[in-house]
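Peer 1: You'll find protein-v9.cif just under this line, and it carries mmCIF, C-alpha atoms and all ligand atoms.
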data_work
loop_
_atom_site.label_atom_id
_atom_site.label_comp_id
_atom_site.auth_asym_id
_atom_site.auth_seq_id
_atom_site.Cartn_x
_atom_site.Cartn_y
_atom_site.Cartn_z
CA MET A 45 0.00 0.00 0.00
CA PRO A 46 1.45 3.37 -0.92
CA THR A 47 2.03 5.87 1.81
CA TYR A 48 1.37 9.50 1.06
CA THR A 49 3.13 12.12 3.04
CA TYR A 50 1.49 15.48 3.10
CA GLU A 51 3.20 18.68 3.92
CA ARG A 52 2.49 19.97 7.40
CA VAL A 53 2.12 23.56 8.44
CA THR A 54 2.97 24.11 12.07
CA ARG A 55 2.80 27.06 14.40
CA PRO A 56 4.34 27.03 17.86
CA VAL A 57 2.40 28.89 20.54
CA THR A 58 3.64 29.96 23.96
CA LYS A 59 1.41 31.72 26.46
CA THR A 60 1.65 32.83 30.03
CA VAL A 61 -1.59 32.15 31.86
CA PRO A 62 -2.61 32.41 35.52
CA CYS A 63 -2.98 29.14 37.44
CA ARG A 64 -6.69 28.53 37.92
CA GLY A 65 -6.03 27.65 41.55
CA CYS A 66 -3.63 30.26 42.91
CA GLY A 67 -3.17 32.71 40.04
CA LYS A 68 0.56 32.07 39.77
CA LYS A 69 1.86 32.72 36.27
CA LEU A 70 2.42 29.61 34.22
CA LYS A 71 4.17 29.27 30.90
CA ARG A 72 2.52 26.83 28.55
CA SER A 73 3.26 25.99 24.97
CA THR A 74 2.02 23.81 22.17
CA THR A 75 2.41 23.35 18.46
CA LEU A 76 -0.66 23.76 16.30
CA GLU A 77 -0.61 22.02 12.98
CA GLN A 78 -2.57 21.22 9.86
CA THR A 79 -1.68 19.22 6.80
CA ILE A 80 -1.93 20.42 3.25
CA SER A 81 -3.88 17.53 1.78
CA PRO A 82 -6.92 16.75 -0.38
CA PHE A 83 -8.71 15.71 2.83
CA ASN A 84 -8.20 18.99 4.60
CA ARG A 85 -10.91 21.06 2.98
CA GLY A 86 -12.20 24.52 3.62
CA GLU A 87 -15.82 25.65 3.87
CA ASP A 88 -16.07 25.87 0.09
CA GLY A 89 -15.15 22.18 -0.21
CA ALA A 90 -11.83 22.87 -1.90
CA PRO A 91 -8.57 21.70 -0.31
CA LYS A 92 -7.15 24.44 1.85
CA THR A 93 -4.22 26.39 0.52
CA ARG A 94 -1.11 27.05 2.56
CA ASP A 95 -2.20 30.68 3.02
CA GLN A 96 -5.60 29.58 4.34
CA ILE A 97 -3.97 27.19 6.78
CA VAL A 98 -1.47 29.78 7.95
CA ALA A 99 -4.32 32.23 8.57
CA GLU A 100 -6.35 29.61 10.45
CA LEU A 101 -3.42 28.62 12.62
CA ARG A 102 -2.79 32.28 13.42
CA GLU A 103 -6.41 32.64 14.53
CA GLU A 104 -6.28 29.40 16.51
CA ALA A 105 -3.07 30.54 18.20
CA ALA A 106 -4.75 33.80 19.24
CA THR A 107 -7.62 31.99 21.00
CA TRP A 108 -5.64 28.99 22.23
CA HIS A 109 -5.80 28.35 25.95
CA PRO A 110 -3.83 25.56 27.62
CA ARG A 111 -5.79 22.70 29.13
CA ASN A 112 -3.33 22.32 31.99
CA ASP A 113 -3.71 25.82 33.38
CA ILE A 114 -2.95 24.63 36.90
CA CYS A 115 0.38 24.61 38.72
CA ALA A 116 1.93 21.47 40.23
CA THR A 117 1.08 22.57 43.79
CA CYS A 118 -2.62 23.17 43.08
CA ASP A 119 -2.75 20.00 41.01
CA ALA A 120 -1.41 17.97 43.95
CA VAL A 121 -3.98 19.57 46.27
CA ALA A 122 -6.80 18.82 43.81
CA ASP A 123 -5.54 15.24 43.49
CA ALA A 124 -5.43 14.76 47.25
CA ALA A 125 -8.98 16.13 47.54
CA VAL A 126 -10.49 13.55 45.20
CA LYS A 127 -8.71 10.58 46.77
CA PRO A 128 -10.72 8.63 49.35
ZN ZN B 1 -1.61 27.10 41.55
#
The structure in this file should be written as C-alpha cells.
Peer 2:
Amino acid sequence: MPTYTYERVTRPVTKTVPCRGCGKKLKRSTTLEQTISPFNRGEDGAPKTRDQIVAELREEAATWHPRNDICATCDAVADAAVKP
C-alpha cells in the first residue's frame, strides 16, 4: 500500500496564563498544525491552501488556551482532595 506524506504547516504557541487555583503565572506551549492535503478542505469544499492554513493557525493561536492551566502545587492539592 502506498504511503502519502502530506506537507504539514505548524505554528508554535507559547502563552503565560494564571494558574486557575492560585493565580501564579504559568508558561505553557504547544504546536498547532494542519496538513496540506486533499482531505483537509475549507468551507467551500476545496482543499485548503497554505495561506488559508497559515491564517487559520494564526487565529487558533490567538484563542488557544492551555488545558493544563494549573500549577503542580494546586494540582497535587486537587488530586489529594479527590482521593478517598
Ligand atoms: Zn496554583
Peer 1: I'd like to know which of A:Glu104, A:Pro46, A:Cys63, A:Val57 is closest to Asp119 of chain A, using only C-alpha atoms.
Peer 2: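 Nearest candidate to Asp119 of chain A out of A:Glu104, A:Pro46, A:Cys63, A:Val57: A:Cys63.
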Peer 1: What are the nearest atom pairs, with distances in Å to one decimal, for all residues of chain A that come at most 8 Å from ligand ZN 1 (chain B), using only C-alpha atoms and all ligand atoms, set out by chain and rising residue number as JSON lines?
Peer 2:
{"residue": "A:Cys63", "atom": "CA", "partner": "B:ZN1", "partner_atom": "ZN", "distance": 4.8}
{"residue": "A:Arg64", "atom": "CA", "partner": "B:ZN1", "partner_atom": "ZN", "distance": 6.4}
{"residue": "A:Gly65", "atom": "CA", "partner": "B:ZN1", "partner_atom": "ZN", "distance": 4.5}
{"residue": "A:Cys66", "atom": "CA", "partner": "B:ZN1", "partner_atom": "ZN", "distance": 4.0}
{"residue": "A:Gly67", "atom": "CA", "partner": "B:ZN1", "partner_atom": "ZN", "distance": 6.0}
{"residue": "A:Lys68", "atom": "CA", "partner": "B:ZN1", "partner_atom": "ZN", "distance": 5.7}
{"residue": "A:Ile114", "atom": "CA", "partner": "B:ZN1", "partner_atom": "ZN", "distance": 5.4}
{"residue": "A:Cys115", "atom": "CA", "partner": "B:ZN1", "partner_atom": "ZN", "distance": 4.3}
{"residue": "A:Ala116", "atom": "CA", "partner": "B:ZN1", "partner_atom": "ZN", "distance": 6.8}
{"residue": "A:Thr117", "atom": "CA", "partner": "B:ZN1", "partner_atom": "ZN", "distance": 5.7}
{"residue": "A:Cys118", "atom": "CA", "partner": "B:ZN1", "partner_atom": "ZN", "distance": 4.3}
{"residue": "A:Asp119", "atom": "CA", "partner": "B:ZN1", "partner_atom": "ZN", "distance": 7.2}
Peer 1: Between atom CA of His109 of chain A and atom CA of Ser73 of chain A, what is the distance, to one decimal in Å?
Peer 2: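 It comes out at 9.4 Å.
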Peer 1: Provide the atom CA of Thr58 of chain A to atom CA of Ala124 of chain A distance in Å, to one decimal place.
Peer 2: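 Between these atoms lies a distance of 29.3 Å.
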Peer 1: How many Å separate atom CA of Val61 of chain A from atom CA of Asn112 of chain A?
Peer 2: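 It comes out at 10.0 Å.
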Peer 1: At a cut-off of 12 Å from (3.4, 12.3, 2.8) in the coordinates of the file, what residues are picked up using all atoms listed in the file, written as a list in words?
Peer 2: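 Residues with an atom close enough to that point: Pro46, Thr47, Tyr48, Thr49, Tyr50, Glu51, Arg52, Thr79, Ile80, Ser81 and Pro82 of chain A.
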Peer 1: Near Leu76 of chain A, within 12 Å and counting only C-alpha atoms, which residues show up once chain neighbours fewer than 4 positions away are dropped, as a short mmCIF file (atom, residue, chain, number, x, y, z; two decimals) with C-alpha atoms, keeping the file's coordinate frame?
Peer 2:
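Once written, around_9.cif looks like this:
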data_model
loop_
_atom_site.label_atom_id
_atom_site.label_comp_id
_atom_site.auth_asym_id
_atom_site.auth_seq_id
_atom_site.Cartn_x
_atom_site.Cartn_y
_atom_site.Cartn_z
CA ARG A 52 2.49 19.97 7.40
CA VAL A 53 2.12 23.56 8.44
CA THR A 54 2.97 24.11 12.07
CA ARG A 55 2.80 27.06 14.40
CA PRO A 56 4.34 27.03 17.86
CA VAL A 57 2.40 28.89 20.54
CA THR A 58 3.64 29.96 23.96
CA ILE A 97 -3.97 27.19 6.78
CA VAL A 98 -1.47 29.78 7.95
CA GLU A 100 -6.35 29.61 10.45
CA LEU A 101 -3.42 28.62 12.62
CA ARG A 102 -2.79 32.28 13.42
CA GLU A 103 -6.41 32.64 14.53
CA GLU A 104 -6.28 29.40 16.51
CA ALA A 105 -3.07 30.54 18.20
CA ALA A 106 -4.75 33.80 19.24
CA THR A 107 -7.62 31.99 21.00
CA TRP A 108 -5.64 28.99 22.23
CA HIS A 109 -5.80 28.35 25.95
CA PRO A 110 -3.83 25.56 27.62
#
Peer 1: Need the neighbours of (6.9, 26.8, 33.5): which residues are at most 9 Å away, counting all atoms listed in the file, as a list in words?
Peer 2: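 Residues lying no farther than 9 Å from the given point: Thr60, Lys69, Leu70, Lys71, Arg72 and Cys115 of chain A.
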Peer 1: Saving segment 62-75 of chain A with N, CA and C atoms, as a CSV table (one decimal), in the first residue's frame, what would that file be?
Peer 2:
chain,number,residue,atom,x,y,z
A,62,PRO,N,-2.6,32.6,34.1
A,62,PRO,CA,-2.6,32.4,35.5
A,62,PRO,C,-3.1,31.0,35.9
A,63,CYS,N,-2.5,30.4,36.9
A,63,CYS,CA,-3.0,29.1,37.4
A,63,CYS,C,-4.4,29.3,37.9
A,64,ARG,N,-5.3,28.4,37.6
A,64,ARG,CA,-6.7,28.5,37.9
A,64,ARG,C,-6.9,28.3,39.4
A,65,GLY,N,-5.9,27.8,40.1
A,65,GLY,CA,-6.0,27.6,41.6
A,65,GLY,C,-5.5,28.9,42.3
A,66,CYS,N,-4.3,29.2,42.1
A,66,CYS,CA,-3.6,30.3,42.9
A,66,CYS,C,-3.3,31.5,42.1
A,67,GLY,N,-3.4,31.5,40.8
A,67,GLY,CA,-3.2,32.7,40.0
A,67,GLY,C,-1.7,32.9,39.7
A,68,LYS,N,-0.9,32.0,40.1
A,68,LYS,CA,0.6,32.1,39.8
A,68,LYS,C,0.7,32.0,38.3
A,69,LYS,N,1.7,32.7,37.7
A,69,LYS,CA,1.9,32.7,36.3
A,69,LYS,C,2.5,31.4,35.8
A,70,LEU,N,1.9,30.9,34.8
A,70,LEU,CA,2.4,29.6,34.2
A,70,LEU,C,2.7,29.8,32.8
A,71,LYS,N,3.8,29.2,32.3
A,71,LYS,CA,4.2,29.3,30.9
A,71,LYS,C,3.8,27.9,30.3
A,72,ARG,N,3.0,28.0,29.2
A,72,ARG,CA,2.5,26.8,28.6
A,72,ARG,C,2.7,27.0,27.1
A,73,SER,N,3.1,25.9,26.4
A,73,SER,CA,3.3,26.0,25.0
A,73,SER,C,2.7,24.8,24.3
A,74,THR,N,2.5,24.9,23.0
A,74,THR,CA,2.0,23.8,22.2
A,74,THR,C,2.4,24.1,20.7
A,75,THR,N,2.2,23.1,19.9
A,75,THR,CA,2.4,23.4,18.5
A,75,THR,C,1.1,23.0,17.7
